[in-house]
$ cat upload-v2.txt   # compact mmCIF, C-alpha atoms
# COMPACT_ATOMS: atom_id res chain seq x y z
CA MET A 1 128.14 -75.34 -67.11
CA ASN A 2 127.23 -75.61 -70.79
CA ASP A 3 124.15 -77.38 -72.18
CA ASP A 4 126.16 -80.42 -73.35
CA ALA A 5 127.50 -81.05 -69.84
CA GLU A 6 123.99 -80.78 -68.40
CA GLU A 7 122.85 -83.60 -70.70
CA LEU A 8 125.69 -86.01 -69.91
CA GLY A 9 125.00 -89.30 -68.23
CA PRO A 10 127.29 -90.70 -65.55
CA ILE A 11 130.77 -91.62 -66.79
CA ASP A 12 132.19 -94.99 -65.79
CA TYR A 13 135.27 -97.00 -66.61
CA LEU A 14 136.14 -100.67 -66.72
CA ILE A 15 139.49 -102.38 -66.81
CA VAL A 16 139.10 -105.93 -68.08
CA GLU A 17 142.09 -108.24 -67.70
CA PHE A 18 142.78 -110.99 -70.22
CA PRO A 19 145.07 -113.46 -68.43
CA GLY A 20 147.87 -114.64 -70.69
CA SER A 21 146.64 -112.03 -73.21
CA ARG A 22 144.00 -114.48 -74.48
CA MET A 23 141.23 -112.41 -76.02
CA THR A 24 138.31 -114.19 -77.67
CA GLY A 25 136.39 -111.15 -78.86
CA GLU A 26 133.14 -112.76 -77.66
CA GLY A 27 132.07 -109.62 -75.79
CA LEU A 28 132.67 -107.20 -78.66
CA PRO A 29 129.31 -107.70 -80.42
CA LEU A 30 127.57 -107.06 -77.10
CA LEU A 31 129.52 -103.83 -76.63
CA VAL A 32 128.60 -102.73 -80.17
CA ASP A 33 124.95 -103.52 -79.39
CA LEU A 34 125.00 -101.29 -76.29
CA VAL A 35 126.37 -98.45 -78.41
CA ASP A 36 123.93 -99.07 -81.28
CA ARG A 37 120.96 -99.02 -78.88
CA GLY A 38 122.14 -95.71 -77.43
CA LEU A 39 122.60 -97.09 -73.92
CA ILE A 40 126.26 -96.11 -73.73
CA ARG A 41 128.67 -93.88 -75.62
CA ILE A 42 132.29 -94.95 -75.70
CA LEU A 43 134.63 -92.12 -74.79
CA ASP A 44 137.86 -94.11 -74.69
CA LEU A 45 138.83 -97.66 -75.56
CA THR A 46 142.43 -98.70 -75.35
CA PHE A 47 144.42 -101.84 -74.67
CA VAL A 48 147.61 -102.37 -72.73
CA ARG A 49 149.90 -105.31 -72.13
CA LYS A 50 151.96 -105.94 -69.03
CA GLU A 51 155.11 -107.82 -69.95
CA GLU A 52 156.69 -110.48 -67.76
CA ASP A 53 159.29 -107.92 -66.62
CA GLY A 54 156.52 -105.54 -65.52
CA SER A 55 156.92 -103.05 -68.36
CA VAL A 56 153.76 -101.74 -69.97
CA SER A 57 153.02 -101.22 -73.65
CA GLY A 58 149.98 -100.10 -75.57
CA LEU A 59 148.29 -102.45 -78.01
CA GLU A 60 146.95 -101.26 -81.33
CA ILE A 61 143.32 -101.83 -82.20
CA ALA A 62 143.76 -104.80 -84.47
CA ASP A 63 142.98 -108.46 -84.94
CA LEU A 64 143.00 -109.39 -81.28
CA THR A 65 141.56 -112.86 -81.77
CA GLY A 66 143.87 -113.89 -84.62
CA ASP A 67 141.01 -114.77 -86.99
CA GLY A 68 142.06 -112.33 -89.73
CA GLU A 69 139.33 -109.78 -88.98
CA LEU A 70 139.85 -106.39 -87.35
CA ASP A 71 137.77 -107.05 -84.27
CA LEU A 72 137.78 -103.49 -82.99
CA ALA A 73 137.80 -101.51 -86.24
CA VAL A 74 134.40 -100.06 -85.32
CA PHE A 75 136.03 -98.47 -82.25
CA GLU A 76 139.10 -97.12 -83.99
CA GLY A 77 139.61 -93.51 -82.96
CA ALA A 78 137.50 -93.85 -79.77
CA SER A 79 139.64 -91.49 -77.75
CA SER A 80 138.39 -88.48 -75.82
CA GLY A 81 141.79 -87.69 -74.38
CA LEU A 82 140.65 -88.52 -70.84
CA LEU A 83 143.18 -91.34 -70.50
CA GLY A 84 146.81 -90.38 -70.15
CA GLN A 85 149.94 -92.48 -69.83
CA ASP A 86 149.67 -92.30 -66.05
CA ASP A 87 146.19 -93.85 -66.25
CA LEU A 88 147.50 -96.68 -68.43
CA GLU A 89 150.34 -97.31 -65.97
CA GLU A 90 147.90 -97.33 -63.04
CA ALA A 91 145.57 -99.74 -64.86
CA ALA A 92 148.47 -102.02 -65.70
CA ALA A 93 149.48 -102.12 -62.02
CA ALA A 94 146.36 -104.22 -61.41
CA LEU A 95 147.37 -106.78 -64.07
CA GLN A 96 149.32 -109.97 -63.72
CA PRO A 97 152.56 -110.07 -65.76
CA GLY A 98 151.95 -111.52 -69.22
CA SER A 99 148.36 -110.27 -69.32
CA SER A 100 146.59 -107.64 -71.36
CA ALA A 101 143.66 -105.41 -70.52
CA GLY A 102 141.01 -103.40 -72.24
CA ILE A 103 140.34 -100.02 -70.67
CA LEU A 104 136.91 -98.66 -71.46
CA VAL A 105 135.59 -95.22 -70.48
CA TYR A 106 131.93 -94.78 -71.30
CA GLU A 107 128.95 -92.53 -70.73
CA ASN A 108 125.75 -94.10 -69.45
CA ARG A 109 123.50 -92.39 -71.99
CA TRP A 110 120.41 -94.12 -70.64
CA ALA A 111 120.81 -92.12 -67.42
CA ALA A 112 121.38 -88.70 -69.04
CA PRO A 113 117.72 -87.54 -69.01
CA PHE A 114 117.35 -88.63 -65.37
CA ALA A 115 120.58 -86.87 -64.37
CA ALA A 116 119.55 -83.72 -66.25
CA ALA A 117 116.15 -83.68 -64.52
CA LEU A 118 117.81 -84.01 -61.12
CA ASN A 119 120.26 -81.25 -62.00
CA ARG A 120 117.46 -78.90 -63.08
CA GLY A 121 115.77 -79.54 -59.74
CA GLY A 122 118.94 -78.56 -57.87
CA ALA A 123 119.89 -82.11 -56.84
CA GLN A 124 123.43 -83.38 -57.10
CA VAL A 125 125.04 -86.77 -56.77
CA VAL A 126 127.18 -86.82 -53.64
CA ALA A 127 128.35 -90.43 -53.86
CA SER A 128 128.22 -93.34 -56.23
CA GLY A 129 129.72 -96.76 -56.41
CA ARG A 130 129.40 -100.24 -57.73
CA ILE A 131 128.83 -103.52 -55.95
CA PRO A 132 131.02 -106.24 -57.50
CA VAL A 133 129.00 -109.24 -58.70
CA PRO A 134 130.93 -111.73 -56.51
CA ALA A 135 130.13 -109.62 -53.42
CA LEU A 136 126.45 -109.48 -54.39
CA LEU A 137 126.31 -113.25 -54.92
CA ALA A 138 128.04 -113.89 -51.59
CA ALA A 139 125.55 -111.61 -49.79
CA LEU A 140 122.60 -113.36 -51.46
CA ASP A 141 124.01 -116.77 -50.55
CA SER A 142 124.46 -115.62 -46.97
CA THR A 143 120.87 -114.37 -46.86
CA ASP A 144 119.57 -117.65 -48.31
CA SER A 145 121.58 -119.66 -45.77
CA ALA A 146 120.17 -117.63 -42.89
CA ARG A 147 116.56 -118.47 -43.82

$ encode --input "upload-v2.txt" --output "structure tokens"
Amino acid sequence: MNDDAEELGPIDYLIVEFPGSRMTGEGLPLLVDLVDRGLIRILDLTFVRKEEDGSVSGLEIADLTGDGELDLAVFEGASSGLLGQDDLEEAAAALQPGSSAGILVYENRWAAPFAAALNRGGAQVVASGRIPVPALLAALDSTDSAR
């Protein structure tokens, strides 16, 4: 394994659906802030649309909100090559017809030093996962109700 790989943080992905393809762009400044602060590094950012007939097409990075500004120009060219057409098709399978989605692959740079230290000590991650926020809130509500 080369030195660059030893210094990588965990890699995650998100698929964010925009029902009816309504994108406000409200989250974009927050995404830029995460990058600017060095917390994440964007490896891939792409958009797809699932048509009413179920077909899937890619969307260009452009003026997604219709306000005349290129909302995602700062991310133009964010493509590591990790995402292939099969990944886009699989992501689109989770979408409702007539909706669009942003697919984001990112490195958790904040965790890279921790991961590298574990690696140097011979440790390895054997499982990882994510608890969806609705599941967490339901568990907390259940705990509160039981008191």

$ axis_aligned_box --input "upload-v2.txt" --around "stretch 127-139 of chain A" --padding-each-side "4 Å" --output "lines of an AutoDock Vina configuration file"
center_x = 128.3
center_y = -102.2
center_z = -54.2
size_x = 13.5
size_y = 31.5
size_z = 16.9

$ atom_distance --input "upload-v2.txt" --atom1 "atom CA of A:Ser55" --atom2 "atom CA of A:Pro97"
8.7 Å

$ atom_distance --input "upload-v2.txt" --atom1 "atom CA of A:Leu136" --atom2 "atom CA of A:Glu107"
23.7 Å

$ residues_around --input "upload-v2.txt" --residues "A:Ala93" --least-positions-apart "5" --cutoff "10 Å" --atoms "all atoms listed in the file" --output "mmCIF file with C-alpha atoms, in the frame of the given file"
data_model
loop_
_atom_site.group_PDB
_atom_site.id
_atom_site.type_symbol
_atom_site.label_atom_id
_atom_site.label_comp_id
_atom_site.auth_asym_id
_atom_site.auth_seq_id
_atom_site.Cartn_x
_atom_site.Cartn_y
_atom_site.Cartn_z
ATOM 1 C CA LYS A 50 151.960 -105.940 -69.030
ATOM 2 C CA GLY A 54 156.520 -105.540 -65.520
ATOM 3 C CA SER A 55 156.920 -103.050 -68.360
ATOM 4 C CA VAL A 56 153.760 -101.740 -69.970
ATOM 5 C CA ASP A 87 146.190 -93.850 -66.250
ATOM 6 C CA LEU A 88 147.500 -96.680 -68.430
#

$ closest_residue --input "upload-v2.txt" --among "A:Ala139, A:Val16, A:Leu34, A:Val125" --to "A:Gly102" --atoms "only C-alpha atoms"
A:Val16

$ closest_residue --input "upload-v2.txt" --among "A:Ile15, A:Pro10, A:Ile103, A:Arg22" --to "A:Thr46" --atoms "only C-alpha atoms"
A:Ile103

$ atom_distance --input "upload-v2.txt" --atom1 "atom CA of A:Gly84" --atom2 "atom CA of A:Asp44"
10.7 Å

$ closest_residue --input "upload-v2.txt" --among "A:Leu28, A:Ala112, A:Met23, A:Leu137" --to "A:Arg41" --atoms "only C-alpha atoms"
A:Ala112

$ closest_residue --input "upload-v2.txt" --among "A:Asp53, A:Val35, A:Ile40, A:Leu14" --to "A:Gln96" --atoms "only C-alpha atoms"
A:Asp53
